[in-house]
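Undergrad: Below you will find the structure I want to go over with you.
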Amino acid sequence: MQTRRRRPQRRASASAWLLRGITTCVALAGFALLGNLILGWANDLGELDGRTTDASPVTLFIGQQRLSVPANMFRFDNQRNVGPHDHVDLAVHWPEMAGYQPAFRSDYMDTGPDAPIVYVTVRVRDTLTDSAGRLINVYQHFFQDGAIPAPAGLIGHRMSAESGLEGEEVYFEAGSTDPFTTHCTAPDSSGYPASCLTEIHAGDDLSVLIRFRKGMLGNWAGIKSGIRVLLLSFGVTA
């Protein structure tokens, strides 16, 4: 009888290790992608090359999705053209969620921790899940014990050493079935302020990556709703 009871325990243990191994592989792949995106964005802090004050809509396609985006939201002039794209990089001023204007120049040049600029990349979807999905499938398996202080409405956790991102933080909306979820980098010696990155799915085949300085985290609810309104103005539902 003792032998019969132990066998399912060993099978359960093996299954748990297999599941954990798969989860770890998915986590590392996702973290590598997020890390590369954040490093790329950090290199562009304070740059205004390619900006225009013209708010005329530019019609373009990303994948099969048609979008109409104001010209002054594009970060790079080589993306500001009619035709197919695999992604576009945008920057909008908070809280207006508006494109570049001369009155906003100092904010676009601001390299401080709470500069009121939200960076948005709309691209062809190449991930199975968004940030809310990663919260359930990946992030929560690598939380350190105990929550950390977070803005009202959010719960925060630091990532464990096992994740490969020790000291970085994840914040998510409390009590939601589709929680706002963001992954924030840890302060380092680079001189760049910490950033927070969120990914949501939109339309039939798009991913939308949203990045802002960590000092803006207290505005998460307005950013969440503002991005959805912005996407609707482009002709995309999220």
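Residue names in the structure tokens use chain letters A, B, ... in the order shown, residue numbers from 1 in each chain, and ligand numbers from 1 in the order shown.
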Write out as a PyMOL selection string each polymer residue whose atoms come within 9 Å of Phe142 of chain A, counting only C-alpha atoms; drop sequence neighbours fewer than 4 positions from it.

TA: chain A and resi 138+158-163

Undergrad: Please identify which residues in segment 107-173 of chain A DSSP calls strand (DSSP E) from the backbone, and express them as a PDB file with all heavy atoms, in the first residue's frame.

TA:
ATOM      1  N   ILE A 117       5.992  61.501 -21.598  1.00  0.00           N
ATOM      2  CA  ILE A 117       5.936  60.967 -22.956  1.00  0.00           C
ATOM      3  C   ILE A 117       5.661  59.466 -22.874  1.00  0.00           C
ATOM      4  O   ILE A 117       6.303  58.754 -22.095  1.00  0.00           O
ATOM      5  CB  ILE A 117       7.249  61.205 -23.727  1.00  0.00           C
ATOM      6  CG1 ILE A 117       7.611  62.701 -23.731  1.00  0.00           C
ATOM      7  CG2 ILE A 117       7.134  60.675 -25.156  1.00  0.00           C
ATOM      8  CD1 ILE A 117       6.593  63.595 -24.411  1.00  0.00           C
ATOM      9  N   VAL A 118       4.712  58.999 -23.675  1.00  0.00           N
ATOM     10  CA  VAL A 118       4.403  57.571 -23.757  1.00  0.00           C
ATOM     11  C   VAL A 118       4.828  57.095 -25.153  1.00  0.00           C
ATOM     12  O   VAL A 118       4.399  57.652 -26.165  1.00  0.00           O
ATOM     13  CB  VAL A 118       2.907  57.296 -23.537  1.00  0.00           C
ATOM     14  CG1 VAL A 118       2.615  55.806 -23.649  1.00  0.00           C
ATOM     15  CG2 VAL A 118       2.464  57.826 -22.165  1.00  0.00           C
ATOM     16  N   TYR A 119       5.699  56.094 -25.182  1.00  0.00           N
ATOM     17  CA  TYR A 119       6.194  55.536 -26.445  1.00  0.00           C
ATOM     18  C   TYR A 119       5.359  54.313 -26.803  1.00  0.00           C
ATOM     19  O   TYR A 119       5.083  53.465 -25.946  1.00  0.00           O
ATOM     20  CB  TYR A 119       7.669  55.156 -26.307  1.00  0.00           C
ATOM     21  CG  TYR A 119       8.557  56.342 -26.033  1.00  0.00           C
ATOM     22  CD1 TYR A 119       8.843  56.745 -24.727  1.00  0.00           C
ATOM     23  CD2 TYR A 119       9.107  57.086 -27.069  1.00  0.00           C
ATOM     24  CE1 TYR A 119       9.646  57.836 -24.465  1.00  0.00           C
ATOM     25  CE2 TYR A 119       9.919  58.181 -26.822  1.00  0.00           C
ATOM     26  CZ  TYR A 119      10.185  58.554 -25.521  1.00  0.00           C
ATOM     27  OH  TYR A 119      10.976  59.649 -25.267  1.00  0.00           O
ATOM     28  N   VAL A 120       4.976  54.239 -28.059  1.00  0.00           N
ATOM     29  CA  VAL A 120       4.080  53.176 -28.514  1.00  0.00           C
ATOM     30  C   VAL A 120       4.657  52.556 -29.786  1.00  0.00           C
ATOM     31  O   VAL A 120       4.961  53.277 -30.740  1.00  0.00           O
ATOM     32  CB  VAL A 120       2.665  53.720 -28.802  1.00  0.00           C
ATOM     33  CG1 VAL A 120       1.741  52.595 -29.259  1.00  0.00           C
ATOM     34  CG2 VAL A 120       2.095  54.438 -27.581  1.00  0.00           C
ATOM     35  N   THR A 121       4.817  51.244 -29.790  1.00  0.00           N
ATOM     36  CA  THR A 121       5.205  50.526 -31.007  1.00  0.00           C
ATOM     37  C   THR A 121       4.057  49.602 -31.388  1.00  0.00           C
ATOM     38  O   THR A 121       3.632  48.765 -30.580  1.00  0.00           O
ATOM     39  CB  THR A 121       6.483  49.701 -30.802  1.00  0.00           C
ATOM     40  OG1 THR A 121       7.573  50.593 -30.526  1.00  0.00           O
ATOM     41  CG2 THR A 121       6.819  48.887 -32.049  1.00  0.00           C
ATOM     42  N   VAL A 122       3.534  49.785 -32.589  1.00  0.00           N
ATOM     43  CA  VAL A 122       2.488  48.907 -33.117  1.00  0.00           C
ATOM     44  C   VAL A 122       3.153  48.005 -34.139  1.00  0.00           C
ATOM     45  O   VAL A 122       3.811  48.490 -35.069  1.00  0.00           O
ATOM     46  CB  VAL A 122       1.349  49.723 -33.781  1.00  0.00           C
ATOM     47  CG1 VAL A 122       0.227  48.789 -34.216  1.00  0.00           C
ATOM     48  CG2 VAL A 122       0.825  50.792 -32.833  1.00  0.00           C
ATOM     49  N   ARG A 123       3.007  46.706 -33.988  1.00  0.00           N
ATOM     50  CA  ARG A 123       3.729  45.775 -34.856  1.00  0.00           C
ATOM     51  C   ARG A 123       2.889  44.547 -35.138  1.00  0.00           C
ATOM     52  O   ARG A 123       1.877  44.283 -34.465  1.00  0.00           O
ATOM     53  CB  ARG A 123       5.041  45.363 -34.204  1.00  0.00           C
ATOM     54  CG  ARG A 123       4.852  44.605 -32.896  1.00  0.00           C
ATOM     55  CD  ARG A 123       6.160  44.156 -32.311  1.00  0.00           C
ATOM     56  NE  ARG A 123       5.942  43.315 -31.137  1.00  0.00           N
ATOM     57  CZ  ARG A 123       6.890  42.600 -30.547  1.00  0.00           C
ATOM     58  NH1 ARG A 123       8.116  42.627 -31.007  1.00  0.00           N
ATOM     59  NH2 ARG A 123       6.611  41.860 -29.490  1.00  0.00           N
ATOM     60  N   VAL A 124       3.323  43.788 -36.124  1.00  0.00           N
ATOM     61  CA  VAL A 124       2.692  42.504 -36.405  1.00  0.00           C
ATOM     62  C   VAL A 124       2.918  41.592 -35.202  1.00  0.00           C
ATOM     63  O   VAL A 124       4.033  41.502 -34.673  1.00  0.00           O
ATOM     64  CB  VAL A 124       3.283  41.873 -37.685  1.00  0.00           C
ATOM     65  CG1 VAL A 124       2.698  40.482 -37.902  1.00  0.00           C
ATOM     66  CG2 VAL A 124       3.005  42.761 -38.892  1.00  0.00           C
ATOM     67  N   LEU A 154      -2.647  49.093  -7.909  1.00  0.00           N
ATOM     68  CA  LEU A 154      -1.691  48.116  -8.423  1.00  0.00           C
ATOM     69  C   LEU A 154      -1.088  47.303  -7.286  1.00  0.00           C
ATOM     70  O   LEU A 154      -1.017  47.746  -6.137  1.00  0.00           O
ATOM     71  CB  LEU A 154      -0.553  48.801  -9.182  1.00  0.00           C
ATOM     72  CG  LEU A 154      -0.887  49.556 -10.465  1.00  0.00           C
ATOM     73  CD1 LEU A 154       0.380  50.129 -11.069  1.00  0.00           C
ATOM     74  CD2 LEU A 154      -1.617  48.671 -11.462  1.00  0.00           C
ATOM     75  N   ILE A 155      -0.626  46.103  -7.613  1.00  0.00           N
ATOM     76  CA  ILE A 155       0.160  45.257  -6.723  1.00  0.00           C
ATOM     77  C   ILE A 155       1.531  45.099  -7.373  1.00  0.00           C
ATOM     78  O   ILE A 155       1.631  44.871  -8.589  1.00  0.00           O
ATOM     79  CB  ILE A 155      -0.499  43.887  -6.528  1.00  0.00           C
ATOM     80  CG1 ILE A 155      -1.868  44.044  -5.859  1.00  0.00           C
ATOM     81  CG2 ILE A 155       0.392  42.960  -5.701  1.00  0.00           C
ATOM     82  CD1 ILE A 155      -2.670  42.757  -5.793  1.00  0.00           C
ATOM     83  N   GLY A 156       2.584  45.229  -6.575  1.00  0.00           N
ATOM     84  CA  GLY A 156       3.933  45.142  -7.113  1.00  0.00           C
ATOM     85  C   GLY A 156       4.725  44.004  -6.501  1.00  0.00           C
ATOM     86  O   GLY A 156       4.566  43.687  -5.320  1.00  0.00           O
ATOM     87  N   HIS A 157       5.596  43.386  -7.314  1.00  0.00           N
ATOM     88  CA  HIS A 157       6.502  42.336  -6.842  1.00  0.00           C
ATOM     89  C   HIS A 157       7.851  42.484  -7.531  1.00  0.00           C
ATOM     90  O   HIS A 157       7.912  42.833  -8.720  1.00  0.00           O
ATOM     91  CB  HIS A 157       5.949  40.939  -7.162  1.00  0.00           C
ATOM     92  CG  HIS A 157       4.827  40.506  -6.288  1.00  0.00           C
ATOM     93  ND1 HIS A 157       5.015  39.908  -5.058  1.00  0.00           N
ATOM     94  CD2 HIS A 157       3.481  40.602  -6.464  1.00  0.00           C
ATOM     95  CE1 HIS A 157       3.834  39.636  -4.517  1.00  0.00           C
ATOM     96  NE2 HIS A 157       2.885  40.051  -5.347  1.00  0.00           N
ATOM     97  N   ARG A 158       8.925  42.203  -6.795  1.00  0.00           N
ATOM     98  CA  ARG A 158      10.250  42.120  -7.404  1.00  0.00           C
ATOM     99  C   ARG A 158      10.469  40.724  -7.959  1.00  0.00           C
ATOM    100  O   ARG A 158       9.959  39.737  -7.431  1.00  0.00           O
ATOM    101  CB  ARG A 158      11.332  42.452  -6.382  1.00  0.00           C
ATOM    102  CG  ARG A 158      11.443  43.928  -6.084  1.00  0.00           C
ATOM    103  CD  ARG A 158      12.724  44.290  -5.360  1.00  0.00           C
ATOM    104  NE  ARG A 158      12.770  45.721  -5.119  1.00  0.00           N
ATOM    105  CZ  ARG A 158      12.304  46.302  -4.028  1.00  0.00           C
ATOM    106  NH1 ARG A 158      11.758  45.560  -3.077  1.00  0.00           N
ATOM    107  NH2 ARG A 158      12.369  47.610  -3.882  1.00  0.00           N
ATOM    108  N   GLU A 169      10.987  44.721 -11.550  1.00  0.00           N
ATOM    109  CA  GLU A 169       9.690  44.707 -10.864  1.00  0.00           C
ATOM    110  C   GLU A 169       8.539  44.519 -11.841  1.00  0.00           C
ATOM    111  O   GLU A 169       8.612  44.960 -12.989  1.00  0.00           O
ATOM    112  CB  GLU A 169       9.507  46.025 -10.099  1.00  0.00           C
ATOM    113  CG  GLU A 169      10.578  46.251  -9.037  1.00  0.00           C
ATOM    114  CD  GLU A 169      10.628  47.670  -8.505  1.00  0.00           C
ATOM    115  OE1 GLU A 169       9.943  48.542  -9.081  1.00  0.00           O
ATOM    116  OE2 GLU A 169      11.358  47.895  -7.528  1.00  0.00           O
ATOM    117  N   VAL A 170       7.486  43.874 -11.362  1.00  0.00           N
ATOM    118  CA  VAL A 170       6.252  43.719 -12.122  1.00  0.00           C
ATOM    119  C   VAL A 170       5.111  44.282 -11.290  1.00  0.00           C
ATOM    120  O   VAL A 170       4.995  43.996 -10.092  1.00  0.00           O
ATOM    121  CB  VAL A 170       5.989  42.240 -12.471  1.00  0.00           C
ATOM    122  CG1 VAL A 170       4.579  42.054 -13.024  1.00  0.00           C
ATOM    123  CG2 VAL A 170       7.019  41.733 -13.480  1.00  0.00           C
ATOM    124  N   TYR A 171       4.280  45.096 -11.931  1.00  0.00           N
ATOM    125  CA  TYR A 171       3.102  45.676 -11.287  1.00  0.00           C
ATOM    126  C   TYR A 171       1.867  45.258 -12.071  1.00  0.00           C
ATOM    127  O   TYR A 171       1.890  45.248 -13.307  1.00  0.00           O
ATOM    128  CB  TYR A 171       3.196  47.200 -11.253  1.00  0.00           C
ATOM    129  CG  TYR A 171       4.354  47.724 -10.443  1.00  0.00           C
ATOM    130  CD1 TYR A 171       5.612  47.878 -11.018  1.00  0.00           C
ATOM    131  CD2 TYR A 171       4.193  48.067  -9.101  1.00  0.00           C
ATOM    132  CE1 TYR A 171       6.677  48.352 -10.283  1.00  0.00           C
ATOM    133  CE2 TYR A 171       5.258  48.550  -8.353  1.00  0.00           C
ATOM    134  CZ  TYR A 171       6.505  48.691  -8.949  1.00  0.00           C
ATOM    135  OH  TYR A 171       7.573  49.155  -8.212  1.00  0.00           O
ATOM    136  N   PHE A 172       0.799  44.922 -11.353  1.00  0.00           N
ATOM    137  CA  PHE A 172      -0.420  44.518 -12.045  1.00  0.00           C
ATOM    138  C   PHE A 172      -1.649  45.032 -11.305  1.00  0.00           C
ATOM    139  O   PHE A 172      -1.624  45.265 -10.093  1.00  0.00           O
ATOM    140  CB  PHE A 172      -0.491  43.003 -12.220  1.00  0.00           C
ATOM    141  CG  PHE A 172      -0.421  42.203 -10.944  1.00  0.00           C
ATOM    142  CD1 PHE A 172      -1.581  41.808 -10.296  1.00  0.00           C
ATOM    143  CD2 PHE A 172       0.801  41.847 -10.401  1.00  0.00           C
ATOM    144  CE1 PHE A 172      -1.527  41.067  -9.122  1.00  0.00           C
ATOM    145  CE2 PHE A 172       0.867  41.098  -9.232  1.00  0.00           C
ATOM    146  CZ  PHE A 172      -0.292  40.710  -8.595  1.00  0.00           C
ATOM    147  N   GLU A 173      -2.709  45.197 -12.071  1.00  0.00           N
ATOM    148  CA  GLU A 173      -3.962  45.758 -11.568  1.00  0.00           C
ATOM    149  C   GLU A 173      -4.657  44.766 -10.649  1.00  0.00           C
ATOM    150  O   GLU A 173      -4.861  43.606 -11.006  1.00  0.00           O
ATOM    151  CB  GLU A 173      -4.850  46.107 -12.758  1.00  0.00           C
ATOM    152  CG  GLU A 173      -6.147  46.790 -12.436  1.00  0.00           C
ATOM    153  CD  GLU A 173      -6.930  47.121 -13.692  1.00  0.00           C
ATOM    154  OE1 GLU A 173      -6.444  46.816 -14.802  1.00  0.00           O
ATOM    155  OE2 GLU A 173      -8.039  47.676 -13.553  1.00  0.00           O
TER     156      GLU A 173
END

Undergrad: Using only C-alpha atoms, determine which residues lie at most 9 Å from Asp107 of chain A, disregarding the query and same-chain residues fewer than 4 positions distant; provide the list as a list in words.

TA: Gly46, His93, Ala103, Thr111, Ala115, Pro116 and Ile117 of chain A

Undergrad: Which polymer residues have any atom within 10 Å of an atom of Phe104 of chain A, counting only C-alpha atoms, with same-chain residues fewer than 4 positions away left out, as a ChimeraX atom specification?

TA: /A:92-94,98-100,108-109,116-117

Undergrad: What is the atom CA of Gly175 of chain A-atom CA of Ala221 of chain A distance in Å, reported with one decimal?

TA: 13.6 Å

Undergrad: My list of candidates is A:Leu165, A:Leu206, A:Ile148, A:Val69. Which is closest to Asp86 of chain A when distances are computed with only C-alpha atoms?

TA: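 That would be A:Leu206, the residue with the smallest distance to Asp86 of chain A.
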
Undergrad: Hey, what's within 9 Å of Thr185 of chain A if we count only C-alpha atoms and toss same-chain stuff fewer than 6 positions away? As a PDB file with N, CA and C atoms, in the first residue's frame, please?

TA:
ATOM      1  N   GLY A  35      13.993  42.839 -22.891  1.00  0.00           N
ATOM      2  CA  GLY A  35      15.261  43.508 -22.615  1.00  0.00           C
ATOM      3  C   GLY A  35      15.818  44.206 -23.836  1.00  0.00           C
ATOM      4  N   ILE A  38      13.760  47.393 -24.535  1.00  0.00           N
ATOM      5  CA  ILE A  38      14.030  48.479 -23.599  1.00  0.00           C
ATOM      6  C   ILE A  38      15.392  49.114 -23.869  1.00  0.00           C
ATOM      7  N   LEU A 165      16.301  38.259 -13.824  1.00  0.00           N
ATOM      8  CA  LEU A 165      15.994  39.692 -13.781  1.00  0.00           C
ATOM      9  C   LEU A 165      15.878  40.165 -12.331  1.00  0.00           C
ATOM     10  N   GLY A 167      15.778  42.038  -9.091  1.00  0.00           N
ATOM     11  CA  GLY A 167      15.668  43.457  -8.799  1.00  0.00           C
ATOM     12  C   GLY A 167      14.701  44.194  -9.699  1.00  0.00           C
ATOM     13  N   GLU A 168      14.358  43.620 -10.858  1.00  0.00           N
ATOM     14  CA  GLU A 168      13.346  44.251 -11.696  1.00  0.00           C
ATOM     15  C   GLU A 168      11.967  43.967 -11.108  1.00  0.00           C
ATOM     16  N   GLU A 169      10.987  44.721 -11.550  1.00  0.00           N
ATOM     17  CA  GLU A 169       9.690  44.707 -10.864  1.00  0.00           C
ATOM     18  C   GLU A 169       8.539  44.519 -11.841  1.00  0.00           C
ATOM     19  N   VAL A 170       7.486  43.874 -11.362  1.00  0.00           N
ATOM     20  CA  VAL A 170       6.252  43.719 -12.122  1.00  0.00           C
ATOM     21  C   VAL A 170       5.111  44.282 -11.290  1.00  0.00           C
ATOM     22  N   PRO A 193      16.874  56.665 -16.946  1.00  0.00           N
ATOM     23  CA  PRO A 193      15.849  56.367 -15.943  1.00  0.00           C
ATOM     24  C   PRO A 193      15.207  55.013 -16.195  1.00  0.00           C
ATOM     25  N   ALA A 194      14.714  54.402 -15.128  1.00  0.00           N
ATOM     26  CA  ALA A 194      14.018  53.121 -15.264  1.00  0.00           C
ATOM     27  C   ALA A 194      12.763  53.308 -16.105  1.00  0.00           C
ATOM     28  N   SER A 195      12.456  52.305 -16.911  1.00  0.00           N
ATOM     29  CA  SER A 195      11.281  52.335 -17.774  1.00  0.00           C
ATOM     30  C   SER A 195      10.353  51.179 -17.440  1.00  0.00           C
ATOM     31  N   CYS A 196       9.091  51.329 -17.793  1.00  0.00           N
ATOM     32  CA  CYS A 196       8.099  50.272 -17.628  1.00  0.00           C
ATOM     33  C   CYS A 196       7.534  49.928 -19.001  1.00  0.00           C
ATOM     34  N   LEU A 197       7.344  48.640 -19.236  1.00  0.00           N
ATOM     35  CA  LEU A 197       6.909  48.157 -20.544  1.00  0.00           C
ATOM     36  C   LEU A 197       5.674  47.289 -20.398  1.00  0.00           C
ATOM     37  N   LYS A 214       9.364  55.153 -15.361  1.00  0.00           N
ATOM     38  CA  LYS A 214       8.767  54.588 -14.152  1.00  0.00           C
ATOM     39  C   LYS A 214       8.109  55.654 -13.275  1.00  0.00           C
TER      40      LYS A 214
END

Undergrad: Please report, as JSON lines, each residue of segment 60-173 of chain A lying at most 8 Å from segment 222-238 of chain A, together with the nearest pair of atoms and the separation in Å rounded to one decimal; use only C-alpha atoms, and order rows by chain and ascending residue number.

TA:
{"residue": "A:Gln65", "atom": "CA", "partner": "A:Val236", "partner_atom": "CA", "distance": 7.8}
{"residue": "A:Arg66", "atom": "CA", "partner": "A:Gly235", "partner_atom": "CA", "distance": 7.2}
{"residue": "A:Leu67", "atom": "CA", "partner": "A:Phe234", "partner_atom": "CA", "distance": 5.1}
{"residue": "A:Ser68", "atom": "CA", "partner": "A:Phe234", "partner_atom": "CA", "distance": 4.8}
{"residue": "A:Val69", "atom": "CA", "partner": "A:Phe234", "partner_atom": "CA", "distance": 5.6}
{"residue": "A:Pro95", "atom": "CA", "partner": "A:Gly222", "partner_atom": "CA", "distance": 7.9}
{"residue": "A:Met97", "atom": "CA", "partner": "A:Gly226", "partner_atom": "CA", "distance": 6.8}

Undergrad: Figure out the distance between atom CA of Thr177 of chain A and atom CA of Gly218 of chain A, please, to one decimal in Å.

TA: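 Here the two named atoms are 20.4 Å from each other.
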
Undergrad: List the neighbours of segment 70-78 of chain A out to 6 Å using only C-alpha atoms; skip same-chain residues closer than 2 positions along the sequence, and give me the result as a PyMOL selection string.

TA: chain A and resi 50-58+80+89-91+99-100

Undergrad: Rounded to one decimal place, report the atom CA of Gly112 of chain A-atom CA of Cys184 of chain A distance in Å.

TA: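 Computed distance, atom CA of Gly112 of chain A to atom CA of Cys184 of chain A, equals 15.6 Å.
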